[in-house]
Structure formats: C-alpha cells, structure tokens
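Shown next: target_21.cif, containing mmCIF, C-alpha atoms and all ligand atoms.
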```cif
data_work
#
loop_
_atom_site.label_atom_id
_atom_site.label_comp_id
_atom_site.auth_asym_id
_atom_site.auth_seq_id
_atom_site.Cartn_x
_atom_site.Cartn_y
_atom_site.Cartn_z
CA MET A 1 20.24 -14.49 18.37
CA SER A 2 16.80 -13.66 19.74
CA LEU A 3 15.19 -16.51 21.66
CA ILE A 4 11.73 -15.06 21.19
CA LYS A 5 10.13 -15.93 17.90
CA HIS A 6 9.19 -12.69 16.25
CA ILE A 7 7.91 -11.12 13.07
CA LEU A 8 9.83 -8.17 11.71
CA VAL A 9 7.77 -5.46 10.04
CA ILE A 10 9.41 -2.89 7.81
CA ALA A 11 7.69 0.49 8.03
CA GLU A 12 8.29 3.68 6.09
CA LEU A 13 8.80 6.93 7.97
CA ASP A 14 9.12 10.46 6.61
CA ASP A 15 8.59 14.01 7.83
CA GLU A 16 4.84 13.51 7.63
CA GLY A 17 5.08 10.41 9.83
CA ILE A 18 4.44 6.74 9.35
CA LYS A 19 2.74 5.60 6.14
CA PRO A 20 -0.76 4.24 6.92
CA SER A 21 0.11 0.92 5.27
CA ALA A 22 2.58 0.29 8.12
CA TYR A 23 -0.22 0.25 10.70
CA GLU A 24 -2.08 -2.42 8.75
CA THR A 25 1.09 -4.46 8.33
CA VAL A 26 1.81 -4.28 12.06
CA HIS A 27 -1.79 -5.29 12.79
CA ALA A 28 -1.50 -8.34 10.50
CA ALA A 29 1.84 -9.28 12.11
CA ARG A 30 0.28 -8.94 15.57
CA LEU A 31 -2.49 -11.41 14.71
CA LEU A 32 -0.02 -13.98 13.38
CA ALA A 33 2.44 -13.44 16.25
CA ASP A 34 -0.34 -13.95 18.81
CA SER A 35 -1.00 -17.39 17.33
CA PHE A 36 2.46 -18.55 18.48
CA ASN A 37 2.97 -16.21 21.46
CA GLY A 38 5.54 -14.31 19.44
CA GLN A 39 6.49 -10.67 19.23
CA VAL A 40 6.29 -7.96 16.60
CA TYR A 41 9.41 -5.89 15.95
CA VAL A 42 9.23 -2.89 13.65
CA PHE A 43 12.11 -1.39 11.76
CA CYS A 44 11.44 2.04 10.26
CA PHE A 45 13.11 2.96 7.00
CA GLY A 46 13.54 6.62 6.37
CA PHE A 47 14.55 9.38 8.71
CA GLY A 48 11.93 11.66 10.07
CA SER A 49 10.46 12.52 13.41
CA PRO A 50 11.07 9.35 15.46
CA ASP A 51 8.29 10.30 17.89
CA LYS A 52 5.76 9.78 15.13
CA ALA A 53 6.77 6.11 15.04
CA LYS A 54 5.46 5.72 18.61
CA GLN A 55 1.96 5.11 17.23
CA LEU A 56 3.19 1.77 15.93
CA PHE A 57 2.99 0.48 19.52
CA ASN A 58 -0.74 1.32 19.52
CA TYR A 59 -1.21 -0.99 16.55
CA GLY A 60 0.56 -3.99 18.05
CA ALA A 61 4.35 -3.48 17.91
CA ASP A 62 6.46 -4.78 20.82
CA ARG A 63 9.66 -3.07 19.70
CA VAL A 64 10.19 -0.14 17.32
CA GLN A 65 13.58 0.83 15.89
CA VAL A 66 14.17 4.04 13.96
CA LEU A 67 17.32 4.78 11.97
CA ASN A 68 19.38 7.59 13.39
CA ASN A 69 21.26 8.68 10.31
CA PRO A 70 20.23 11.57 8.00
CA LEU A 71 21.47 9.54 5.02
CA TYR A 72 18.18 7.70 5.38
CA ASN A 73 16.24 10.86 4.71
CA THR A 74 15.58 9.33 1.32
CA ILE A 75 14.61 5.68 1.13
CA SER A 76 16.85 3.83 -1.29
CA LEU A 77 17.30 0.14 -1.91
CA ASP A 78 21.02 -0.19 -1.30
CA LEU A 79 21.02 1.89 1.89
CA GLY A 80 17.96 0.03 3.14
CA LEU A 81 19.60 -3.35 2.64
CA ILE A 82 22.76 -2.16 4.40
CA ALA A 83 20.65 -1.27 7.42
CA ILE A 84 18.34 -4.23 7.54
CA GLU A 85 20.45 -7.23 6.57
CA PRO A 86 22.64 -7.29 9.71
CA GLN A 87 19.52 -6.99 11.90
CA ILE A 88 17.97 -10.00 10.21
CA ILE A 89 21.12 -12.08 10.49
CA LYS A 90 21.42 -11.11 14.17
CA ASP A 91 17.78 -11.44 15.26
CA LYS A 92 16.64 -14.25 12.92
CA PRO A 93 12.98 -13.29 12.56
CA TYR A 94 10.48 -15.99 11.78
CA ALA A 95 8.92 -13.80 9.09
CA ILE A 96 9.47 -10.38 7.58
CA PHE A 97 6.43 -8.35 6.55
CA PHE A 98 6.55 -5.45 4.11
CA PRO A 99 3.57 -3.36 3.03
CA ALA A 100 3.23 -3.86 -0.75
CA THR A 101 4.15 -0.25 -1.47
CA THR A 102 6.55 0.63 -4.28
CA HIS A 103 9.47 0.56 -1.83
CA GLY A 104 8.13 -2.45 0.06
CA LYS A 105 7.81 -4.59 -3.06
CA GLU A 106 11.31 -3.67 -4.18
CA PHE A 107 12.87 -4.42 -0.78
CA ALA A 108 10.95 -7.68 -0.32
CA ALA A 109 12.10 -9.04 -3.69
CA SER A 110 15.73 -7.94 -3.23
CA LEU A 111 15.93 -9.26 0.30
CA SER A 112 14.50 -12.65 -0.62
CA ALA A 113 17.08 -12.94 -3.42
CA LYS A 114 19.93 -11.87 -1.12
CA LEU A 115 18.95 -14.22 1.71
CA ASN A 116 17.79 -16.95 -0.68
CA VAL A 117 14.51 -17.43 1.17
CA SER A 118 10.87 -17.67 0.10
CA LEU A 119 8.80 -14.65 -0.86
CA ALA A 120 5.02 -14.28 -1.16
CA THR A 121 3.94 -11.00 -2.71
CA ASP A 122 0.73 -9.02 -2.46
CA CYS A 123 -0.79 -11.25 0.25
CA VAL A 124 -4.46 -10.69 1.04
CA ALA A 125 -4.82 -13.24 3.87
CA ILE A 126 -2.33 -14.80 6.30
CA GLN A 127 -2.68 -17.51 8.91
CA ALA A 128 -0.47 -19.86 10.89
CA GLY A 129 -0.33 -23.46 9.71
CA LYS A 130 1.06 -26.44 11.59
CA ASP A 131 4.79 -26.97 12.20
CA ASN A 132 5.81 -23.34 11.74
CA GLN A 133 4.10 -23.03 8.40
CA ILE A 134 2.56 -19.78 7.23
CA ILE A 135 -0.43 -20.08 4.92
CA VAL A 136 -1.04 -17.09 2.70
CA ARG A 137 -3.51 -16.18 0.01
CA ARG A 138 -2.46 -14.02 -2.91
CA PRO A 139 -4.02 -13.04 -6.22
CA VAL A 140 -2.61 -14.47 -9.45
CA TYR A 141 -3.36 -14.03 -13.16
CA ALA A 142 -3.99 -10.31 -12.75
CA GLY A 143 -6.45 -10.90 -9.92
CA LYS A 144 -8.58 -13.45 -11.77
CA ALA A 145 -7.71 -16.22 -9.31
CA LEU A 146 -6.50 -16.58 -5.73
CA LEU A 147 -3.67 -18.88 -4.75
CA ASN A 148 -3.29 -20.46 -1.30
CA LEU A 149 0.38 -20.90 -0.59
CA THR A 150 2.08 -22.72 2.29
CA LEU A 151 5.48 -21.42 3.34
CA ASN A 152 7.57 -24.15 4.96
CA GLY A 153 11.01 -24.31 6.48
CA PRO A 154 12.91 -22.22 8.99
CA GLY A 155 12.45 -18.93 7.15
CA PRO A 156 12.64 -16.08 7.47
CA HIS A 157 9.58 -16.03 5.23
CA ILE A 158 9.23 -12.74 3.41
CA LEU A 159 5.75 -11.43 2.70
CA SER A 160 4.48 -8.25 1.12
CA LEU A 161 0.95 -7.35 2.19
CA ARG A 162 -1.58 -5.73 -0.09
CA GLN A 163 -2.50 -2.27 1.14
CA ASN A 164 -5.97 -1.53 2.54
CA THR A 165 -6.55 -5.22 3.22
CA PHE A 166 -5.49 -5.76 6.84
CA ARG A 167 -7.20 -2.87 8.57
CA GLY A 168 -7.75 -3.68 12.21
CA PRO A 169 -10.06 -2.21 14.80
CA GLY A 170 -7.80 0.86 15.15
CA PRO A 171 -5.25 2.00 17.72
CA ASP A 172 -5.12 0.63 21.25
CA PHE A 173 -3.77 3.55 23.27
CA SER A 174 -3.04 1.34 26.27
CA ARG A 175 -0.18 -0.22 24.27
CA VAL A 176 2.88 2.03 24.54
CA GLY A 177 6.65 1.75 24.32
CA ASP A 178 9.89 3.60 23.74
CA ILE A 179 11.53 4.09 20.38
CA GLU A 180 15.04 2.69 19.97
CA LEU A 181 17.32 4.82 17.82
CA LEU A 182 19.65 2.71 15.72
CA ASP A 183 22.99 4.15 14.67
CA ILE A 184 23.97 2.82 11.29
CA SER A 185 27.17 4.00 9.72
CA VAL A 186 27.55 3.71 5.98
CA SER A 187 30.89 4.08 4.28
CA ASN A 188 31.15 5.81 0.92
CA ASP A 189 32.20 2.68 -0.94
CA GLN A 190 29.13 0.79 0.34
CA ARG A 191 26.87 3.21 -1.49
CA VAL A 192 26.05 2.14 -5.02
CA LEU A 193 23.25 4.59 -5.53
CA LYS A 194 23.40 8.27 -4.67
CA VAL A 195 20.16 10.20 -4.65
CA ARG A 196 21.02 13.72 -5.79
CA GLU A 197 17.61 15.28 -5.55
CA VAL A 198 14.07 14.35 -4.57
CA VAL A 199 11.37 16.26 -6.43
CA LYS A 200 7.99 16.11 -4.74
CA GLU A 201 4.85 16.64 -6.79
CA ILE A 202 3.48 20.04 -5.88
CA GLY A 203 -0.10 19.92 -4.65
CA SER A 204 -0.08 16.17 -5.14
CA GLN A 205 -3.25 14.53 -4.06
CA LEU A 206 -3.76 11.64 -1.80
CA ASP A 207 -2.03 8.48 -2.98
CA ILE A 208 -4.65 6.23 -4.63
CA THR A 209 -3.25 3.20 -2.81
CA GLU A 210 -3.89 4.87 0.53
CA ALA A 211 -7.21 6.59 -0.15
CA ARG A 212 -10.40 5.06 1.19
CA VAL A 213 -12.37 6.61 -1.67
CA VAL A 214 -11.12 6.67 -5.26
CA VAL A 215 -13.01 8.49 -8.02
CA SER A 216 -11.60 7.21 -11.29
CA GLY A 217 -12.03 8.38 -14.87
CA GLY A 218 -11.68 6.67 -18.22
CA LEU A 219 -11.80 7.74 -21.85
CA GLY A 220 -15.50 8.43 -21.34
CA MET A 221 -14.48 11.62 -19.52
CA GLN A 222 -13.57 12.74 -23.05
CA GLN A 223 -10.89 15.28 -22.26
CA SER A 224 -8.34 16.21 -19.66
CA LYS A 225 -10.17 19.26 -18.33
CA ASN A 226 -13.23 17.17 -17.42
CA PHE A 227 -11.17 15.49 -14.70
CA LYS A 228 -11.80 18.63 -12.68
CA LEU A 229 -15.29 17.19 -12.13
CA LEU A 230 -13.73 14.06 -10.62
CA GLU A 231 -11.34 16.11 -8.49
CA ASP A 232 -14.30 18.04 -7.06
CA LEU A 233 -16.13 14.83 -6.18
CA ALA A 234 -12.97 13.29 -4.70
CA GLN A 235 -12.40 16.39 -2.60
CA VAL A 236 -15.89 16.26 -1.11
CA LEU A 237 -15.41 12.56 -0.30
CA GLN A 238 -11.83 13.13 0.94
CA GLY A 239 -10.63 10.72 -1.71
CA ALA A 240 -8.16 10.54 -4.57
CA VAL A 241 -8.54 10.57 -8.35
CA GLY A 242 -7.62 7.47 -10.36
CA ALA A 243 -7.56 6.81 -14.09
CA SER A 244 -7.59 4.10 -16.72
CA ARG A 245 -4.47 3.44 -18.76
CA PRO A 246 -5.47 5.23 -22.00
CA VAL A 247 -6.16 8.34 -19.94
CA VAL A 248 -2.60 8.17 -18.62
CA ASP A 249 -1.25 7.35 -22.10
CA ASN A 250 -3.03 10.47 -23.38
CA GLY A 251 -1.22 12.53 -20.75
CA TRP A 252 -4.48 13.58 -19.06
CA ARG A 253 -3.35 12.14 -15.72
CA LYS A 254 -0.07 11.05 -14.18
CA TYR A 255 1.04 7.41 -14.14
CA SER A 256 0.74 7.39 -10.33
CA ASN A 257 -3.04 7.68 -10.90
CA GLN A 258 -3.27 4.60 -13.13
CA VAL A 259 -5.37 1.73 -11.80
CA GLY A 260 -4.93 -1.75 -13.22
CA GLN A 261 -2.62 -4.51 -14.24
CA THR A 262 0.16 -2.19 -15.32
CA GLY A 263 -0.77 0.52 -12.84
CA ARG A 264 -1.68 0.37 -9.15
CA THR A 265 -3.69 -2.28 -7.37
CA ILE A 266 -6.05 -0.67 -4.91
CA GLN A 267 -8.73 -1.75 -2.47
CA PRO A 268 -10.57 1.35 -1.31
CA ASP A 269 -13.85 1.28 0.58
CA LEU A 270 -15.51 3.04 -2.36
CA TYR A 271 -14.46 3.08 -6.03
CA ILE A 272 -16.44 5.28 -8.40
CA ALA A 273 -15.66 4.40 -12.05
CA CYS A 274 -16.68 7.18 -14.43
CA GLY A 275 -16.61 6.53 -18.18
CA ILE A 276 -14.52 3.37 -17.73
CA SER A 277 -15.50 0.34 -19.82
CA GLY A 278 -14.17 -2.26 -17.36
CA ALA A 279 -11.50 -4.06 -19.39
CA VAL A 280 -10.01 -7.03 -17.58
CA GLN A 281 -6.69 -5.20 -17.16
CA HIS A 282 -8.47 -2.37 -15.36
CA LEU A 283 -10.52 -4.73 -13.19
CA ALA A 284 -7.27 -6.39 -12.07
CA GLY A 285 -6.46 -3.22 -10.16
CA MET A 286 -9.76 -2.41 -8.48
CA SER A 287 -12.20 -5.33 -8.44
CA SER A 288 -11.57 -5.98 -4.75
CA ALA A 289 -12.76 -2.52 -3.74
CA LYS A 290 -15.39 -2.90 -1.01
CA CYS A 291 -18.07 -1.01 -2.95
CA ILE A 292 -17.96 -0.23 -6.67
CA VAL A 293 -20.14 2.38 -8.32
CA ALA A 294 -20.03 2.56 -12.12
CA ILE A 295 -21.25 5.43 -14.26
CA ASN A 296 -21.33 4.61 -17.97
CA LYS A 297 -23.62 5.55 -20.80
CA ASP A 298 -23.44 2.03 -22.25
CA ALA A 299 -25.69 -0.29 -20.21
CA ASN A 300 -23.71 -3.28 -21.55
CA ALA A 301 -20.30 -2.03 -20.42
CA PRO A 302 -18.40 -4.84 -18.61
CA ILE A 303 -17.76 -2.57 -15.60
CA PHE A 304 -21.38 -3.14 -14.55
CA SER A 305 -20.64 -6.85 -14.03
CA VAL A 306 -18.44 -5.99 -11.01
CA ALA A 307 -20.38 -2.93 -9.83
CA ASP A 308 -22.47 -2.89 -6.65
CA TYR A 309 -24.33 0.16 -7.97
CA GLY A 310 -24.62 1.15 -11.60
CA ILE A 311 -25.76 4.42 -13.14
CA VAL A 312 -26.42 4.37 -16.89
CA GLY A 313 -25.92 7.87 -18.21
CA ASP A 314 -23.56 10.69 -19.06
CA ALA A 315 -20.79 10.93 -16.42
CA LEU A 316 -20.22 14.58 -17.29
CA ALA A 317 -23.75 15.38 -16.13
CA ILE A 318 -24.04 12.85 -13.29
CA VAL A 319 -20.74 13.52 -11.48
CA PRO A 320 -21.46 17.22 -10.68
CA TYR A 321 -24.89 16.19 -9.44
CA LEU A 322 -23.33 13.56 -7.12
CA THR A 323 -20.79 16.10 -5.89
CA GLU A 324 -23.51 18.54 -4.90
CA GLU A 325 -25.60 15.84 -3.23
CA PHE A 326 -22.65 14.46 -1.24
CA ARG A 327 -21.67 18.00 -0.25
CA ARG A 328 -25.19 18.72 0.96
CA VAL A 329 -25.61 15.42 2.82
CA LEU A 330 -22.14 15.47 4.41
CA ALA A 331 -22.62 19.08 5.52
CA SER A 332 -25.78 18.15 7.35
C1 LIG B 401 -0.89 -5.57 -21.35
C2 LIG B 401 -1.97 -4.56 -21.11
C3 LIG B 401 -1.99 -3.92 -19.88
C4 LIG B 401 -2.99 -2.99 -19.61
N1 LIG B 401 -3.01 -2.37 -18.38
C5 LIG B 401 -4.02 -1.55 -18.08
C6 LIG B 401 -4.11 -0.94 -16.80
O1 LIG B 401 -3.26 -1.10 -15.94
N2 LIG B 401 -5.18 -0.15 -16.55
C7 LIG B 401 -6.16 0.10 -17.48
O2 LIG B 401 -7.10 0.83 -17.17
N3 LIG B 401 -6.06 -0.45 -18.70
C8 LIG B 401 -5.04 -1.24 -19.03
N4 LIG B 401 -4.97 -1.75 -20.28
C9 LIG B 401 -5.90 -1.26 -21.30
C10 LIG B 401 -7.24 -1.94 -21.27
O3 LIG B 401 -7.22 -3.11 -22.05
C11 LIG B 401 -8.35 -1.01 -21.80
O4 LIG B 401 -8.00 -0.62 -23.11
C12 LIG B 401 -8.56 0.23 -20.96
O5 LIG B 401 -8.76 -0.11 -19.60
C13 LIG B 401 -9.79 0.99 -21.45
O6 LIG B 401 -9.83 2.23 -20.84
P1 LIG B 401 -11.19 3.02 -20.71
O7 LIG B 401 -12.20 2.19 -20.00
O8 LIG B 401 -10.89 4.35 -20.15
O9 LIG B 401 -11.59 3.27 -22.24
P2 LIG B 401 -12.68 2.58 -23.14
O10 LIG B 401 -12.54 1.11 -23.13
O11 LIG B 401 -12.62 3.26 -24.45
O12 LIG B 401 -14.05 2.90 -22.42
C14 LIG B 401 -14.63 4.17 -22.32
C15 LIG B 401 -15.97 3.97 -21.70
O13 LIG B 401 -16.56 5.23 -21.47
C16 LIG B 401 -17.95 5.14 -21.77
N5 LIG B 401 -18.39 6.52 -22.04
C17 LIG B 401 -18.12 7.29 -23.13
N6 LIG B 401 -18.62 8.53 -22.95
C18 LIG B 401 -19.21 8.54 -21.71
C19 LIG B 401 -19.90 9.51 -20.96
N7 LIG B 401 -20.06 10.77 -21.40
N8 LIG B 401 -20.39 9.16 -19.75
C20 LIG B 401 -20.25 7.89 -19.27
N9 LIG B 401 -19.60 6.93 -19.95
C21 LIG B 401 -19.07 7.25 -21.16
C22 LIG B 401 -18.05 4.19 -22.93
O14 LIG B 401 -19.34 3.62 -23.00
C23 LIG B 401 -16.97 3.19 -22.59
O15 LIG B 401 -17.50 2.11 -21.84
C24 LIG B 401 -3.98 -2.68 -20.59
C25 LIG B 401 -3.94 -3.36 -21.81
C26 LIG B 401 -2.95 -4.27 -22.06
C27 LIG B 401 -2.95 -4.97 -23.38
#
```
So, in terms of structure tokens, how does the structure I just supplied come out?
Ligand SMILES: Cc1cc2nc3c(=O)[nH]c(=O)nc-3n(C[C@H](O)[C@H](O)[C@H](O)COP(=O)(O)OP(=O)(O)OC[C@H]3O[C@@H](n4cnc5c(N)ncnc54)[C@H](O)[C@@H]3O)c2cc1C
Amino acid sequence: MSLIKHILVIAELDDEGIKPSAYETVHAARLLADSFNGQVYVFCFGFGSPDKAKQLFNYGADRVQVLNNPLYNTISLDLGLIAIEPQIIKDKPYAIFFPATTHGKEFAASLSAKLNVSLATDCVAIQAGKDNQIIVRRPVYAGKALLNLTLNGPGPHILSLRQNTFRGPGPDFSRVGDIELLDISVSNDQRVLKVREVVKEIGSQLDITEARVVVSGGLGMQQSKNFKLLEDLAQVLQGAVGASRPVVDNGWRKYSNQVGQTGRTIQPDLYIACGISGAVQHLAGMSSAKCIVAINKDANAPIFSVADYGIVGDALAIVPYLTEEFRRVLAS
C-alpha cells in the first residue's frame, strides 16, 4: 500500500499520442493533490508510443505508467478493468480521475460499480473540502442546473471530468520523469470481449469534444451539401463541424457530430450555431461554450438568448462571407 496520498488519473494513449483531455485531467488532479501535498499518478490505457506519454509529466504527473502489452492496442472495458483494478487495490488512491470521454465515462461507471464506491460524473469544478472530502460541481437536468456534491469517506472517489473545462496554463517543461512500462498478462478465459476489427473513419475531422472551435449546423442549413460551407469555415478556424439532432437523424451528418442532450456535450472556446433554433436539448450540449455566435434568419429564435453575438440573416449567405473574412484576417 502506498503511504503517499495520491490521485490516479486514467489517460488514453494511441499511435497519435495522448488524448488532449488527459492533460486537462492531470492538471485538475495536480491542483487538488497540491492542496494535500499529494501526488498524481497516471495510468495510460491503450498501447502506443510510450515516449509520447512523457508529456504528462509537463502537465503535473509525478508517475506515469504505460501498459506494455499489444493486447491493449484497442481500448476495451474488460481488458481495461483487468489492468487497472489490481493497481487500485494495491496503491489505494484517494481519488481516481477520468476524462469524460466515451471510454472514460464507461470505465468510471463500471469501476465505481465494481469497487462499490462513489462516482461523480461530468464534473466542471473540483476542490478539497475538510476531513478528506472532495467537493465537486456537476451539471444536472440536461445542464439547466448545477449541483454541488460533497464526496465523503475513505474513497477512492471516482470522478469523470468534463472535457475542455480544466485547461491549465500549459506545459511546464521543467517537470520531467521516466515512463514505467507495466507488464500485464491476460489469460484467454479472462477476456469476455474480443475486438475483431477497428474501423477508423477515413478523413475524419477533429473530434467536436476536443476542438476549440465548433461550427455547427441545424435544419436551417436546408440540405446535406450545404454543410460544405460549414466545413470550409471550420477548416479556416482549425475547428470541427457539429450538428443538431434532426440533421443527424436526416443522415446529413454522423452521430459523432451531434451536439446536445442525446449527443455530445462540448465546451469549445467558440461555438458558431448556423440555422439552429436553440431547443433546450441542443443548448444542453453547448451552452457552456466560452463564446457563442448564432446565425439565424428568425430574430426570435431561442438560440439568441444564449448567444454572445447574434447575426439575423441567411446562414447560407453569411457563412461564406465569414469564411473569407477570417481567411483574410488570419492570413495577415
Ligand atoms: C429526448 C430528446 C432529445 C433530444 N436531443 C437532442 C440533441 O441531443 N441535440 C439536438 O440538437 N436536438 C435534440 N433534440 C431535438 C430538439 O428538441 C430540436 O428538435 C432540435 O434541436 C432542433 O434542431 P434544429 O435547430 O436544427 O431545427 P429547427 O428547430 O427546425 O430550427 C431550424 C432553425 O433554422 C433557422 N433557419 C432556417 N433557414 C435558415 C437560413 N437559411 N439561415 C439561417 N437560419 C435559418 C430557423 O429560423 C430555425 O430557427 C432532442 C429532442 C428530444 C425530445
């Protein structure tokens, strides 16, 4: 058992490196750990280039472990639990932080059920309370209200952290360390799930949960081919394209683009809503964006009630104009 109180962060690693959400999660863990002179340990799921995980030290990790088994090339729930559970039982972390990614949410929920400990999902603020408590804030009722929650007891307390919420000041290159490779053997009968094939989307764009700029389209874009206008704007702004649910239901965009209650929750620096009315289920996924720009031809559309900047007009005419202007300004 570790005598040092520590927070365990679960990061995702693949051939492209560490997912950006892991840096934020490590940063948030660092802040909490500093409040009790604790440490931040990181455990990387996946199997990729271990050297890429070294950057986690720059963001506040004290120890980084990477799995040394090609079985972990694909992240799967059962294999992940096989790897992580013994570490938790051995090290007894005070808290376990997951980024609220698709994998992170799944692992956090399964682990809390397996260990029979508390879970707070989609946290947007975290602080230390008295007597080992952790106080977290998380949205409820599809983002319409925020709940302050106090986690008591010995833990480990499991938290998933909303992406794009805990960005720190950036890397500190004076913080360095060595990666520990962890050999995990998995017998055939331990494996419930076997991943036969992983099909990656060809030419897939930036993930909307990771993009700092999201240009999103609703039914007001009128037809699938008009999303090319949004792709052009997103490309100039180095962002991703999002969509409302009916757009996805119509097959104009993929489900991974859907923003809202039954889609993704995002918090980019800039969200540009084009031809989106602003139904409450859509707002649940994007209303905490740092800056919201709405383009809608109906001046009474509800989206304008959450927008920082509103443009009343035809998105099909305004978006190409914005693209050209941004291109010109950014080039200069
Ligand atoms: C349980 C449940 C879950 C749901 N989950 C989600 C979810 O996750 N995400 C989601 O988005 N929705 C969700 N919905 C659906 C939601 O209620 C709305 O129906 C949906 O968000 C509306 O999509 P929209 O804004 O694209 O379309 P509309 O509401 O039809 O709005 C289109 C807008 O485009 C404007 N417009 C039209 N032409 C132009 C033009 N040329 N230029 C500019 N503006 C134009 C119109 O004025 C209008 O405001 C859910 C609903 C339910 C019941």
Would you kindly return, as a PDB file with C-alpha atoms, in the frame of the given file, each protein, DNA or RNA residue with an atom no farther than 10 Å from any atom of region 248-251 of chain A, considering all atoms listed in the file and excluding same-chain residues fewer than 4 positions away?
```
ATOM      1  CA  GLY A 218     -11.680   6.670 -18.220  1.00  0.00           C
ATOM      2  CA  LEU A 219     -11.800   7.740 -21.850  1.00  0.00           C
ATOM      3  CA  GLN A 223     -10.890  15.280 -22.260  1.00  0.00           C
ATOM      4  CA  SER A 224      -8.340  16.210 -19.660  1.00  0.00           C
ATOM      5  CA  GLY A 242      -7.620   7.470 -10.360  1.00  0.00           C
ATOM      6  CA  ALA A 243      -7.560   6.810 -14.090  1.00  0.00           C
ATOM      7  CA  SER A 244      -7.590   4.100 -16.720  1.00  0.00           C
ATOM      8  CA  TYR A 255       1.040   7.410 -14.140  1.00  0.00           C
ATOM      9  CA  SER A 256       0.740   7.390 -10.330  1.00  0.00           C
ATOM     10  CA  ASN A 257      -3.040   7.680 -10.900  1.00  0.00           C
ATOM     11  CA  GLN A 258      -3.270   4.600 -13.130  1.00  0.00           C
ATOM     12  CA  VAL A 259      -5.370   1.730 -11.800  1.00  0.00           C
ATOM     13  CA  GLY A 263      -0.770   0.520 -12.840  1.00  0.00           C
TER      14      GLY A 263
END
```
(message) Taking only C-alpha atoms and all ligand atoms and a cut-off of 9 Å, can you tell me which residues surround ligand LIG 401 (chain B), written as a ChimeraX atom specification?
(response) /A:217-222,243-248,258-265,273-285,294-303,311-318
request  = Would you kindly identify which residues have an atom no farther than 10 Å from (-1.7, 2.7, 4.7), using all atoms listed in the file and the file's own coordinates, and write them out as JSON, numbers by chain?
outcome  = {"A": [18, 19, 20, 21, 22, 23, 24, 25, 99, 100, 101, 162, 163, 164, 165, 166, 167, 207, 209, 210, 211, 212]}
Those selected residues, please, written with C-alpha atoms and delivered as an mmCIF file, in the frame of the given file.
```
data_model
loop_
_atom_site.group_PDB
_atom_site.id
_atom_site.type_symbol
_atom_site.label_atom_id
_atom_site.label_comp_id
_atom_site.auth_asym_id
_atom_site.auth_seq_id
_atom_site.Cartn_x
_atom_site.Cartn_y
_atom_site.Cartn_z
ATOM 1 C CA ILE A 18 4.440 6.740 9.350
ATOM 2 C CA LYS A 19 2.740 5.600 6.140
ATOM 3 C CA PRO A 20 -0.760 4.240 6.920
ATOM 4 C CA SER A 21 0.110 0.920 5.270
ATOM 5 C CA ALA A 22 2.580 0.290 8.120
ATOM 6 C CA TYR A 23 -0.220 0.250 10.700
ATOM 7 C CA GLU A 24 -2.080 -2.420 8.750
ATOM 8 C CA THR A 25 1.090 -4.460 8.330
ATOM 9 C CA PRO A 99 3.570 -3.360 3.030
ATOM 10 C CA ALA A 100 3.230 -3.860 -0.750
ATOM 11 C CA THR A 101 4.150 -0.250 -1.470
ATOM 12 C CA ARG A 162 -1.580 -5.730 -0.090
ATOM 13 C CA GLN A 163 -2.500 -2.270 1.140
ATOM 14 C CA ASN A 164 -5.970 -1.530 2.540
ATOM 15 C CA THR A 165 -6.550 -5.220 3.220
ATOM 16 C CA PHE A 166 -5.490 -5.760 6.840
ATOM 17 C CA ARG A 167 -7.200 -2.870 8.570
ATOM 18 C CA ASP A 207 -2.030 8.480 -2.980
ATOM 19 C CA THR A 209 -3.250 3.200 -2.810
ATOM 20 C CA GLU A 210 -3.890 4.870 0.530
ATOM 21 C CA ALA A 211 -7.210 6.590 -0.150
ATOM 22 C CA ARG A 212 -10.400 5.060 1.190
#
```
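Our summary of the geometry notes that CA of Ala53 (chain A) is positioned 12.3 Å from CA of Tyr41 (chain A).
One distance worth recording is that between CA of Ile208 (chain A) and CA of Asp78 (chain A), which is 26.7 Å.
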Sphere at (6.5, -13.8, 10.9), radius 7 Å, counting only C-alpha atoms: residues as an NGL selection string: :A and (6-8 or 29 or 32-33 or 93-97 or 157)
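Atom pair CA of Cys44 (chain A) / CA of Glu197 (chain A): separated by 21.5 Å.
Using all atoms listed in the file, the residues found no farther than 6 Å from region 226-241 of chain A, other than those of its own chain fewer than 5 positions away, are A:Leu206, A:Ile208, A:Ala211, A:Val213, A:Val214, A:Val215, A:Ser216, A:Thr323.
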Write out as a PyMOL selection string the residues lying within 7 Å of Arg30 (chain A), counting all atoms listed in the file and excluding same-chain residues fewer than 3 positions away. chain A and resi 26-27+33-34+40+60
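In terms of minimum interatomic distance to Asn132 (chain A), A:Asn152 ranks closest within A:Asn152, A:Asn73, A:Ser288, A:Gln65, counting only C-alpha atoms.
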Give, as JSON, the centre coordinates and the x, y and z edge lengths in Å to one decimal for an axis-aligned box around all listed atoms of region 79-88 of chain A, padded by 5 Å on each side.
```
{"center_x": 20.4, "center_y": -4.1, "center_z": 6.9, "size_x": 14.8, "size_y": 21.9, "size_z": 20.0}
```
Quiz item: Which neighbours of Tyr59 (chain A) fall inside 6 Å, counting only C-alpha atoms, when residues of the same chain fewer than 2 positions from it are skipped, and could you give them as a ChimeraX atom specification?
Solution: /A:27,56-57,171
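For the set A:Val198, A:Val306, A:Ile158, A:Leu182, the residue with the smallest atom-to-atom gap to Gly104 (chain A) is A:Ile158, counting all atoms listed in the file.
Nearest to Val136 (chain A) of all the residues A:Leu270, A:Ala28, A:Val192, A:Met286 is A:Ala28, based on all atoms listed in the file.
Shortest atom-to-atom contact with Val195 (chain A) among A:Pro50, A:Asn58, A:Leu77, A:Arg327: A:Leu77, counting all atoms listed in the file.
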Show which residues sit within 8 Å of Asp308 (chain A), as a PDB file with C-alpha atoms, in the frame of the given file. Count all atoms listed in the file, and ignore same-chain residues fewer than 3 positions away.
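In the end it all went to result_24.pdb:
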```
ATOM      1  CA  CYS A 291     -18.070  -1.010  -2.950  1.00  0.00           C
ATOM      2  CA  ILE A 292     -17.960  -0.230  -6.670  1.00  0.00           C
ATOM      3  CA  VAL A 293     -20.140   2.380  -8.320  1.00  0.00           C
ATOM      4  CA  PHE A 304     -21.380  -3.140 -14.550  1.00  0.00           C
TER       5      PHE A 304
END
```
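The residue that comes closest to Pro86 (chain A), out of A:Lys144, A:Asn68, A:Leu115, A:Lys52 and on the basis of all atoms listed in the file, is A:Leu115.
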Among A:Ser332, A:Thr121, A:Ser112, A:Ser287, Leu147 (chain A) is approached most closely, using all atoms listed in the file, by A:Thr121
